[in-house]
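First the structure, in the form of C-alpha cells, and then the observations on it.
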Amino acid sequence: MKRQLYLYLFIISALVAGFTYMYLSKALAFEKKKNESELKYFKDSINGIYDKLEDANHFSLEYNDNAKEYFADYDVIKLMPQIKEALLAFNDDPKGNIYTGQEKLGEQKFIINKIKILNHRWIIADYSDGKYWGDVVLKYFVDKDEKITFQIMDSFIYPKQEY
C-alpha cells in the first residue's frame, strides 16, 4: 500500500513537473515573440519619426550644405543664434517687432515667438499679440562685419477665432 502511494505520488509529481515545464517554455516563447514584435514596432516608429525630422530639417540652414557654403567665411553654428537674437531684439520696441509686418491691433504689441532659419537667405517666423497670430517670411543679410539686416518678404495674420 505504501509502495503504491509512493508510485502514485511519483507519477503525479512527474506529470506536474512536465506540465509546468511545457507551460513555462511556451510562456517564454510567447513572451520572446511578443517582445520581438514590440521591438520591431518601436524600431519602425523611431525610423518614421527620424524620417519626419529629416524632412523637416531639409529646410534648415544647419543641414543645408549649399547654404552653408554661402557662409563659408562664417561659423554657421555660431551665426544662427546671432541671427535669432538680432531678430528677437526688435521685440523690445514699444510698438512691437517691426519685422512682423503688423501694426498694433489692440493694447498688446506683436512680437516674434518662434524662428526657423531656412537657408542662407530666408527666415520664417511666428508672431502674436496674445489674441492674433501670424507668420512672416523674412529675407536676411549678413555683411562682412557680421551686421544682420532683415527685410519682410510677406506677412500673414490669421483671423481671430472666438472660442
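Please note that chains go A, B, ... in the order of the C-alpha cells, that every chain numbers its residues from 1, and that ligands are numbered from 1 in the order shown.
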Quiz prompt | Which of range 101-146 of chain A fall in strand (DSSP E), as a ChimeraX atom specification | solution = /A:111-117,122-128,133-142
Tyr127 in chain A environment, 6 Å, only C-alpha atoms, sequence neighbours closer than 6 positions dropped, as a PDB file with C-alpha atoms, in the first residue's frame:
ATOM      1  CA  ILE A 111       6.256  90.071 -31.046  1.00  0.00           C
ATOM      2  CA  ILE A 112       8.038  87.219 -32.749  1.00  0.00           C
ATOM      3  CA  ASN A 113       7.819  83.926 -30.849  1.00  0.00           C
ATOM      4  CA  TRP A 133      -1.366  85.044 -34.554  1.00  0.00           C
ATOM      5  CA  GLY A 134       0.533  85.239 -37.784  1.00  0.00           C
TER       6      GLY A 134
END
Exercise. Kindly indicate which residue among A:Asn91, A:Asn35, A:Asn57, A:Asn47 lies nearest to Ile117 in chain A, using only C-alpha atoms for the distances.
Key: A:Asn57
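Shortest atom-to-atom contact with Tyr74 in chain A among A:Leu5, A:Asp143, A:Gln102, A:Gln151: A:Asp143, counting only C-alpha atoms.
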Quiz item: If you run DSSP on this backbone, which residues of chain A come out as helix (DSSP H, G or I), and could you give them as JSON, numbers by chain?
Solution: {"A": [2, 3, 4, 5, 6, 7, 8, 9, 10, 11, 12, 13, 14, 15, 16, 17, 18, 19, 20, 21, 22, 23, 24, 25, 26, 27, 28, 29, 30, 31, 32, 33, 34, 35, 36, 37, 38, 39, 40, 41, 42, 43, 44, 45, 46, 47, 48, 49, 50, 51, 52, 53, 54, 55, 56, 61, 62, 63, 65, 66, 67, 68, 69, 70, 76, 77, 78, 79, 80, 81, 82, 83, 84, 85, 86, 87, 88, 89, 90, 91, 92, 98, 99, 100]}
Residues from last step as file, C-alpha atoms, as an mmCIF file, in the first residue's frame:
data_model
loop_
_atom_site.group_PDB
_atom_site.id
_atom_site.type_symbol
_atom_site.label_atom_id
_atom_site.label_comp_id
_atom_site.auth_asym_id
_atom_site.auth_seq_id
_atom_site.Cartn_x
_atom_site.Cartn_y
_atom_site.Cartn_z
ATOM 1 C CA LYS A 2 2.810 2.334 0.917
ATOM 2 C CA ARG A 3 4.593 1.414 -2.291
ATOM 3 C CA GLN A 4 1.534 2.226 -4.403
ATOM 4 C CA LEU A 5 1.138 5.585 -2.657
ATOM 5 C CA TYR A 6 4.761 6.466 -3.451
ATOM 6 C CA LEU A 7 4.267 5.304 -7.029
ATOM 7 C CA TYR A 8 1.144 7.498 -7.449
ATOM 8 C CA LEU A 9 2.917 10.487 -5.837
ATOM 9 C CA PHE A 10 5.893 9.970 -8.143
ATOM 10 C CA ILE A 11 3.663 9.797 -11.245
ATOM 11 C CA ILE A 12 1.680 12.890 -10.155
ATOM 12 C CA SER A 13 4.933 14.775 -9.427
ATOM 13 C CA ALA A 14 6.328 13.801 -12.829
ATOM 14 C CA LEU A 15 3.117 14.957 -14.548
ATOM 15 C CA VAL A 16 3.079 18.267 -12.636
ATOM 16 C CA ALA A 17 6.765 18.833 -13.458
ATOM 17 C CA GLY A 18 6.138 18.006 -17.130
ATOM 18 C CA PHE A 19 3.127 20.302 -17.403
ATOM 19 C CA THR A 20 4.972 23.072 -15.575
ATOM 20 C CA TYR A 21 7.957 22.718 -17.907
ATOM 21 C CA MET A 22 5.733 22.780 -21.000
ATOM 22 C CA TYR A 23 3.756 25.782 -19.719
ATOM 23 C CA LEU A 24 6.842 27.813 -18.822
ATOM 24 C CA SER A 25 8.618 27.013 -22.082
ATOM 25 C CA LYS A 26 5.533 28.027 -24.091
ATOM 26 C CA ALA A 27 5.115 31.183 -21.957
ATOM 27 C CA LEU A 28 8.788 32.056 -22.508
ATOM 28 C CA ALA A 29 8.463 31.542 -26.268
ATOM 29 C CA PHE A 30 5.286 33.651 -26.316
ATOM 30 C CA GLU A 31 6.969 36.481 -24.376
ATOM 31 C CA LYS A 32 10.001 36.337 -26.667
ATOM 32 C CA LYS A 33 7.783 36.566 -29.766
ATOM 33 C CA LYS A 34 5.773 39.399 -28.202
ATOM 34 C CA ASN A 35 8.946 41.326 -27.312
ATOM 35 C CA GLU A 36 10.313 40.875 -30.833
ATOM 36 C CA SER A 37 7.115 42.233 -32.378
ATOM 37 C CA GLU A 38 7.101 45.204 -29.963
ATOM 38 C CA LEU A 39 10.763 45.872 -30.712
ATOM 39 C CA LYS A 40 10.014 45.832 -34.453
ATOM 40 C CA TYR A 41 7.085 48.217 -33.895
ATOM 41 C CA PHE A 42 9.252 50.628 -31.879
ATOM 42 C CA LYS A 43 12.069 50.488 -34.433
ATOM 43 C CA ASP A 44 9.582 51.278 -37.190
ATOM 44 C CA SER A 45 8.175 54.153 -35.101
ATOM 45 C CA ILE A 46 11.634 55.565 -34.428
ATOM 46 C CA ASN A 47 12.555 55.275 -38.113
ATOM 47 C CA GLY A 48 9.316 57.061 -39.038
ATOM 48 C CA ILE A 49 9.998 59.870 -36.580
ATOM 49 C CA TYR A 50 13.579 60.141 -37.821
ATOM 50 C CA ASP A 51 12.348 60.400 -41.421
ATOM 51 C CA LYS A 52 9.893 63.156 -40.451
ATOM 52 C CA LEU A 53 12.631 65.014 -38.598
ATOM 53 C CA GLU A 54 14.945 64.679 -41.565
ATOM 54 C CA ASP A 55 12.220 66.018 -43.874
ATOM 55 C CA ALA A 56 11.562 68.935 -41.517
ATOM 56 C CA LEU A 61 20.480 76.329 -42.550
ATOM 57 C CA GLU A 62 22.113 73.863 -40.202
ATOM 58 C CA TYR A 63 21.570 70.907 -42.571
ATOM 59 C CA ASP A 65 25.177 72.201 -47.409
ATOM 60 C CA ASN A 66 24.644 74.682 -50.249
ATOM 61 C CA ALA A 67 23.540 77.385 -47.820
ATOM 62 C CA LYS A 68 26.481 76.602 -45.546
ATOM 63 C CA GLU A 69 28.855 77.054 -48.491
ATOM 64 C CA TYR A 70 27.410 80.537 -48.977
ATOM 65 C CA VAL A 76 27.161 78.700 -39.201
ATOM 66 C CA ILE A 77 26.576 77.148 -35.764
ATOM 67 C CA LYS A 78 27.605 80.435 -34.096
ATOM 68 C CA LEU A 79 25.881 82.589 -36.716
ATOM 69 C CA MET A 80 22.416 81.059 -36.279
ATOM 70 C CA PRO A 81 21.948 82.223 -32.647
ATOM 71 C CA GLN A 82 23.248 85.678 -33.612
ATOM 72 C CA ILE A 83 20.605 85.939 -36.335
ATOM 73 C CA LYS A 84 17.854 84.827 -33.944
ATOM 74 C CA GLU A 85 18.994 87.214 -31.219
ATOM 75 C CA ALA A 86 19.176 90.109 -33.685
ATOM 76 C CA LEU A 87 15.595 89.477 -34.828
ATOM 77 C CA LEU A 88 14.242 88.940 -31.309
ATOM 78 C CA ALA A 89 15.911 92.161 -30.119
ATOM 79 C CA PHE A 90 13.242 94.068 -32.075
ATOM 80 C CA ASN A 91 10.593 92.584 -29.708
ATOM 81 C CA ASP A 92 11.690 95.170 -27.112
ATOM 82 C CA ILE A 98 8.689 95.867 -36.893
ATOM 83 C CA TYR A 99 9.507 92.656 -38.766
ATOM 84 C CA THR A 100 6.093 91.133 -38.122
#
